[in-house]
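Student: There's a structure below that I have some questions on.
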Amino acid sequence: MKFVDFTRISVRGGRGGNGCLSFRREKFIPKGGPDGADGGRGGDIILEAAPGALTLADFEYEKKFQAGNGEPGKGGMKSGGAGNDKIVIVPCGTIVYDDDTGEILADLVEPGDRLIAAKGGRPGKGNAHFANSVRKSPRFAEKGDEGEARTLLLELKLIADVGLVGVPNAGKSSLLGAISSARPKIAGYPFTTLSPNLGVLSVDDQKIVIADVPGLIEGAHENKGLGVYFLRHVERTRFLVHVLDLSAGTADEVIEQWSIIRNEFEAYSNSEESGLPGYHRQDLLLRPYIVVGNKIDLENAAENDMHIRSFMEEQGIPYFSVSALSGEGIPEFIQLIAEYARENQRHEGETRLAPLVVEIQEPRRWRRKLEPVTIIKLGDGAGFRVVHANLEKTLLRYDFEQEDALPKFSRLVKKFRIEERLEEMGAVKGDKVFIGDHEFDFEPDMAGASRSDNR
């Protein structure tokens with residue numbers, strides 16, 4: 001399976017359904033009144049962590065996700081159905097960023113963790129909603145709002161209990177295959193492992209997930225070799241296993257393998273250059289670890305093993321030696337991993353890099369003072385542009401083919417004192433006035449404004 005740990009996707013919530021413009025028409029019931037119902041809300045895009053997903057590779061082929069649109073309202077006070085939510089499955093350990101701002105939106109760690117990545121649009125109100133003692137027969141209904149749209153950056157950090165780390169060709173893949181159910185690609189040259197391999201070790205009552213992290217070279221924290229893309233995958237592990245190649249030169253040269261990895265951990269943890277805004281690195285030097293010397297069956301390995309064991313004991317570092325090829329020491333090593341797994345339980349605070357997002361009901365909004373509009377005079381006599389976010393959004397809900405749309409618009413004009421502001425800036429009859437995507441001809445009394453274009 002192809003391993004992918006970074007990808008970008010586009011998500012869009014469903015459009016809200018349009019409100020209905022309808023009047024009750026039945027025999028023996030004259031002037032039945034408005035009965036147009038509201039439309040249905042647009043569906044949401046929901047990201048959900050699931051244990052069955054192991055990689056982001058599926059997103060290489062599908063990058064755009066659209067939720068269902070709400071149904072329009074109907075006559076007889078029949079509201080439109082809500083649009084279907086779109087649930088997008090991601091692996092456990094997926095961090096979700098807003099690609100435009102770099103903000104971490106959620107860290108989906110546990111199975112079932114969810115994030116509403118794009119909300120559906122607000123439904124339009126039917127004409128029955130606007131009926132009152134003054135306007136008994138409103139000939140106006142709203143359009144539904146467009147759903148929220150955004151681009152997301154997904155980053156996968158493996159959630160493994162144990163991370164096997166070491167220089168290239170140290171025998172990590174062979175060791176993973178010897179102690180777990182994994183069958184990784186194994187060969188005698190550097191960088192055989194080009195993506196993390198996962199294995200499961202079943203021992204006693206435990207199932208321990210082990211990750212074989214690709215080989216790290218000196219300068220990996222600067223993205224040399226396979227670089228920081230794989231250093232990130234050891235951040236969520238409970239503890240680490242440093243794998244040394246006992247046959248690689250002298251005992252000092254073997255110990256140098258361990259020193260290189262520890263130095264890279266320190267440099268990586270202290271570096272502020274993450275490549276991702278809002279990203280926080282963990283201190284890998286504080287992670288519990290043991291050291292295992294591999295390839296004990298090869299020439300000169302036994303002699304190196306004695307020197308390295310003495311060195312590690314002086315440092316107070318747990319050390320073990322095995323042969324992944326012959327199986328020497330493997331049963332004892334498995335028991336050691338099981339003991340360490342019991343002693344080093346995973347903690348919520350160590351694995352979740354951002355708070356789990358909980359959807360909060362928006363508080364009731366009380367009437368607030370109106371924000372004034374901004375009016376910009378366009379050059380070369382092109383007219384005027386009225387800028388006001390809420391006003392522009394409101395106009396998107398208007399269908400100017402409906403009889404009461406223009407009178408309703410004129411009331412908005414008076415409410416925001418647009419006419420007075422335009423006259424102060426020198427607007428005269430016939431000038432073009434732009435509000436959002438709508439274009440109007442200015443009249444001294446905007447109640448009589450004519451709409452010349454709806455682009």
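Ordering of the structure tokens sets the chain letters (A, B, ...), residue numbers begin anew at 1 in every chain, and ligands are numbered from 1 in the order given.
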Return as a ChimeraX atom specification the full set of residues in range 359-418 of chain A whose backbone-based DSSP assignment is strand (DSSP E).
Tutor: /A:374-378,383-387
Student: If you keep N, CA and C atoms, can you produce a file of those selected residues as an mmCIF file, in the first residue's frame?
Tutor:
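And here is the file that came out, result23.cif:
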data_model
loop_
_atom_site.group_PDB
_atom_site.id
_atom_site.type_symbol
_atom_site.label_atom_id
_atom_site.label_comp_id
_atom_site.auth_asym_id
_atom_site.auth_seq_id
_atom_site.Cartn_x
_atom_site.Cartn_y
_atom_site.Cartn_z
ATOM 1 N N THR A 374 -19.872 51.032 3.898
ATOM 2 C CA THR A 374 -18.766 51.769 3.279
ATOM 3 C C THR A 374 -19.097 51.949 1.810
ATOM 4 N N ILE A 375 -18.984 53.172 1.320
ATOM 5 C CA ILE A 375 -19.285 53.450 -0.081
ATOM 6 C C ILE A 375 -18.031 53.948 -0.774
ATOM 7 N N ILE A 376 -17.719 53.326 -1.894
ATOM 8 C CA ILE A 376 -16.520 53.649 -2.659
ATOM 9 C C ILE A 376 -16.941 54.217 -4.011
ATOM 10 N N LYS A 377 -16.387 55.387 -4.335
ATOM 11 C CA LYS A 377 -16.668 55.981 -5.647
ATOM 12 C C LYS A 377 -15.693 55.404 -6.655
ATOM 13 N N LEU A 378 -16.232 54.779 -7.687
ATOM 14 C CA LEU A 378 -15.404 54.140 -8.707
ATOM 15 C C LEU A 378 -14.900 55.161 -9.715
ATOM 16 N N GLY A 383 -19.522 54.587 -11.364
ATOM 17 C CA GLY A 383 -20.571 54.435 -10.376
ATOM 18 C C GLY A 383 -20.016 54.317 -8.965
ATOM 19 N N PHE A 384 -20.747 53.610 -8.120
ATOM 20 C CA PHE A 384 -20.402 53.501 -6.706
ATOM 21 C C PHE A 384 -20.548 52.037 -6.253
ATOM 22 N N ARG A 385 -19.691 51.635 -5.327
ATOM 23 C CA ARG A 385 -19.809 50.294 -4.746
ATOM 24 C C ARG A 385 -20.109 50.428 -3.264
ATOM 25 N N VAL A 386 -21.169 49.727 -2.829
ATOM 26 C CA VAL A 386 -21.564 49.690 -1.423
ATOM 27 C C VAL A 386 -20.978 48.420 -0.810
ATOM 28 N N VAL A 387 -20.193 48.588 0.251
ATOM 29 C CA VAL A 387 -19.521 47.455 0.883
ATOM 30 C C VAL A 387 -20.070 47.258 2.291
#
Student: Using only C-alpha atoms, what does the table of range 1-49 of chain A residues within 7 Å of range 82-98 of chain A look like, with each row giving the shortest atom pair and its distance in Å to one decimal, sorted by chain and ascending number, as a Markdown table?
Tutor:
| residue | atom | partner | partner_atom | distance |
| --- | --- | --- | --- | --- |
| A:Gly14 | CA | A:Gly83 | CA | 6.5 |
| A:Gly40 | CA | A:Ala82 | CA | 4.3 |
| A:Arg41 | CA | A:Ala82 | CA | 4.8 |
| A:Gly42 | CA | A:Gly83 | CA | 4.7 |
| A:Gly43 | CA | A:Asp85 | CA | 4.3 |
| A:Asp44 | CA | A:Asp85 | CA | 4.7 |
| A:Ile45 | CA | A:Lys86 | CA | 4.9 |
| A:Ile46 | CA | A:Ile87 | CA | 4.8 |
| A:Leu47 | CA | A:Val88 | CA | 4.8 |
| A:Glu48 | CA | A:Ile89 | CA | 5.1 |
| A:Ala49 | CA | A:Cys92 | CA | 5.0 |
Student: For a quick check of understanding, using only C-alpha atoms, which of A:Gly70, A:Gly120, A:Gly36, A:Gly166 has the smallest distance to Ser259 in chain A?
Tutor: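 Looking at the shortest contact to Ser259 in chain A, the residue is A:Gly166.
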Student: I'd like to know which of A:Asp58, A:Glu71, A:Asp107, A:Glu392 is closest to Gly144 in chain A, using only C-alpha atoms.
Tutor: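 Smallest separation from Gly144 in chain A among the options: A:Glu71.
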